[in-house]
Every structure is written in structure tokens, then in C-alpha cells.
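**Student:** Have a look at this one before I ask anything.
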Amino acid sequence: MGDWTWGLVAMASLYGVGGVMHFLKPGFYRPMMPPYIPMPDLMIGLSGIAEIGLGLLLLPSATRPFAAWGVIALLFAVWPANIHAALHPETMPKVSSVALWVRVPLQLPLMYWAYRYT
């Protein structure tokens, strides 16, 4: 696998699969969208494309630093949706409120994980 590590493959897979889910289950993501975000369906699709693309770009060493910074930026960009979901758990009744709150601080270790590949 060259300079790939299991952590790198796991991260690339996490974002790749997560991005695909934006297209397979867009209804899961709609309630997370804060009302001030315009065109929520477009934003869900764009974030899915970004996740897939960044996941793939993490694999080649030449694009890895760019992709890792992109993952960090993406995590910052979706943070408001995670906060909105935690503050409004009634919009996502199939997800425990504990899980919704865990997602908020989880962004920080995910950012650190990506930073390790910059």
C-alpha cells in the first residue's frame, strides 16, 4: 500500500462512505440543516461531493496535505449543522440526543486526525 497506513485508509473510507450516504439517504441530513442555510438539498449534495472527493484525495501522497486541510475546512463548515441537530433533537427522533451531542465535540479530534496528514 505504499505510504498508506490503516489510519489513512480508515479516514479516506469514512469520508468516502459518508459522502455517498448524502446521496443514498439525503433525508437523514435535511433535519440537521439550520434554517438559515440556503438551498439545503444543494448543500447536502455539495458536502457529499466534497466528502467523496476529499476522501479520494487523501490517498495519493501528492494531494494528501491539500485534502487533509480540506477535511478540516469541511468539518468547520458542517459544525453548525451538528450544533443545530444537538439543539433541536426533535428534528431527528431516530437518533439519540446523546449521539447528537457527541457529534459536536467529536469534530475536534476529527480535525486533529486530519491535521496529522497535512
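Going by the C-alpha cells order, chains are called A, B, ..., each with residues numbered from 1, while ligands are numbered from 1 in the order shown.
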Compile the contact shell of Tyr29 in chain A as a PyMOL selection string: residues with an atom at most 12 Å away, counting only C-alpha atoms, same-chain residues fewer than 3 positions apart removed.
**Tutor:** chain A and resi 18-19+21-26+32-34+40-45+47-48+78+81-82+84-85+91-92+95
**Student:** At a cut-off of 8 Å, using only C-alpha atoms, what residues contact range 62-77 of chain A? Leave out same-chain residues fewer than 5 positions from it and give the result as an MDAnalysis selection string.
**Tutor:** chainID A and resid 47 50:51 54:55 57 107 110:111 114:115 117:118
**Student:** Keeping N, CA and C atoms for every residue in the selection just given, could you write it to a file as a PDB file, in the first residue's frame?
**Tutor:**
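Resulting contents of out.pdb:
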ATOM      1  N   SER A  47     -21.830  18.931   0.040  1.00  0.00           N
ATOM      2  CA  SER A  47     -20.996  18.385   1.115  1.00  0.00           C
ATOM      3  C   SER A  47     -20.704  16.906   0.864  1.00  0.00           C
ATOM      4  N   ALA A  50     -17.966  16.864  -1.680  1.00  0.00           N
ATOM      5  CA  ALA A  50     -16.716  17.249  -1.012  1.00  0.00           C
ATOM      6  C   ALA A  50     -16.154  16.077  -0.210  1.00  0.00           C
ATOM      7  N   GLU A  51     -17.000  15.379   0.524  1.00  0.00           N
ATOM      8  CA  GLU A  51     -16.521  14.249   1.317  1.00  0.00           C
ATOM      9  C   GLU A  51     -15.947  13.146   0.433  1.00  0.00           C
ATOM     10  N   LEU A  54     -12.625  14.548  -1.172  1.00  0.00           N
ATOM     11  CA  LEU A  54     -11.541  14.655  -0.202  1.00  0.00           C
ATOM     12  C   LEU A  54     -11.078  13.283   0.262  1.00  0.00           C
ATOM     13  N   GLY A  55     -12.018  12.360   0.437  1.00  0.00           N
ATOM     14  CA  GLY A  55     -11.642  11.003   0.814  1.00  0.00           C
ATOM     15  C   GLY A  55     -10.712  10.383  -0.215  1.00  0.00           C
ATOM     16  N   LEU A  57      -8.860  12.080  -2.417  1.00  0.00           N
ATOM     17  CA  LEU A  57      -7.627  12.875  -2.497  1.00  0.00           C
ATOM     18  C   LEU A  57      -6.699  12.645  -1.305  1.00  0.00           C
ATOM     19  N   GLN A 107     -15.990  16.781  16.444  1.00  0.00           N
ATOM     20  CA  GLN A 107     -15.347  17.483  15.329  1.00  0.00           C
ATOM     21  C   GLN A 107     -13.882  17.788  15.642  1.00  0.00           C
ATOM     22  N   LEU A 110     -11.588  14.780  15.116  1.00  0.00           N
ATOM     23  CA  LEU A 110     -11.577  14.507  13.685  1.00  0.00           C
ATOM     24  C   LEU A 110     -10.685  15.513  12.950  1.00  0.00           C
ATOM     25  N   MET A 111     -10.733  16.760  13.388  1.00  0.00           N
ATOM     26  CA  MET A 111      -9.854  17.778  12.796  1.00  0.00           C
ATOM     27  C   MET A 111      -8.389  17.462  13.092  1.00  0.00           C
ATOM     28  N   ALA A 114      -7.211  14.657  10.871  1.00  0.00           N
ATOM     29  CA  ALA A 114      -6.906  15.146   9.525  1.00  0.00           C
ATOM     30  C   ALA A 114      -5.610  15.962   9.523  1.00  0.00           C
ATOM     31  N   TYR A 115      -5.415  16.777  10.549  1.00  0.00           N
ATOM     32  CA  TYR A 115      -4.220  17.620  10.629  1.00  0.00           C
ATOM     33  C   TYR A 115      -2.947  16.786  10.581  1.00  0.00           C
ATOM     34  N   TYR A 117      -2.223  14.566   8.713  1.00  0.00           N
ATOM     35  CA  TYR A 117      -1.863  14.245   7.320  1.00  0.00           C
ATOM     36  C   TYR A 117      -1.566  15.492   6.491  1.00  0.00           C
ATOM     37  N   THR A 118      -1.457  16.664   7.129  1.00  0.00           N
ATOM     38  CA  THR A 118      -1.199  17.889   6.364  1.00  0.00           C
ATOM     39  C   THR A 118       0.251  18.021   5.977  1.00  0.00           C
TER      40      THR A 118
END
**Student:** As an exercise, work out the distance from CA of Ile37 in chain A to CA of Ile83 in chain A in Å and give it to one decimal place.
**Tutor:**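 Atom-to-atom, CA of Ile37 in chain A and CA of Ile83 in chain A are spaced 13.2 Å apart.
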**Student:** Let me make sure I understand: among A:Ala86, A:Val17, A:Arg116, A:Val9, which one has the smallest atom-to-atom distance to Pro60 in chain A if we use only C-alpha atoms?
**Tutor:**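 Smallest separation from Pro60 in chain A among the options: A:Val9.
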**Student:** Mind the document's chain letters and residue numbers, and return as an MDAnalysis selection string the residues of range 57-113 of chain A that DSSP labels helix (DSSP H, G or I).
**Tutor:** chainID A and resid 57 64:87 89:91 97:113
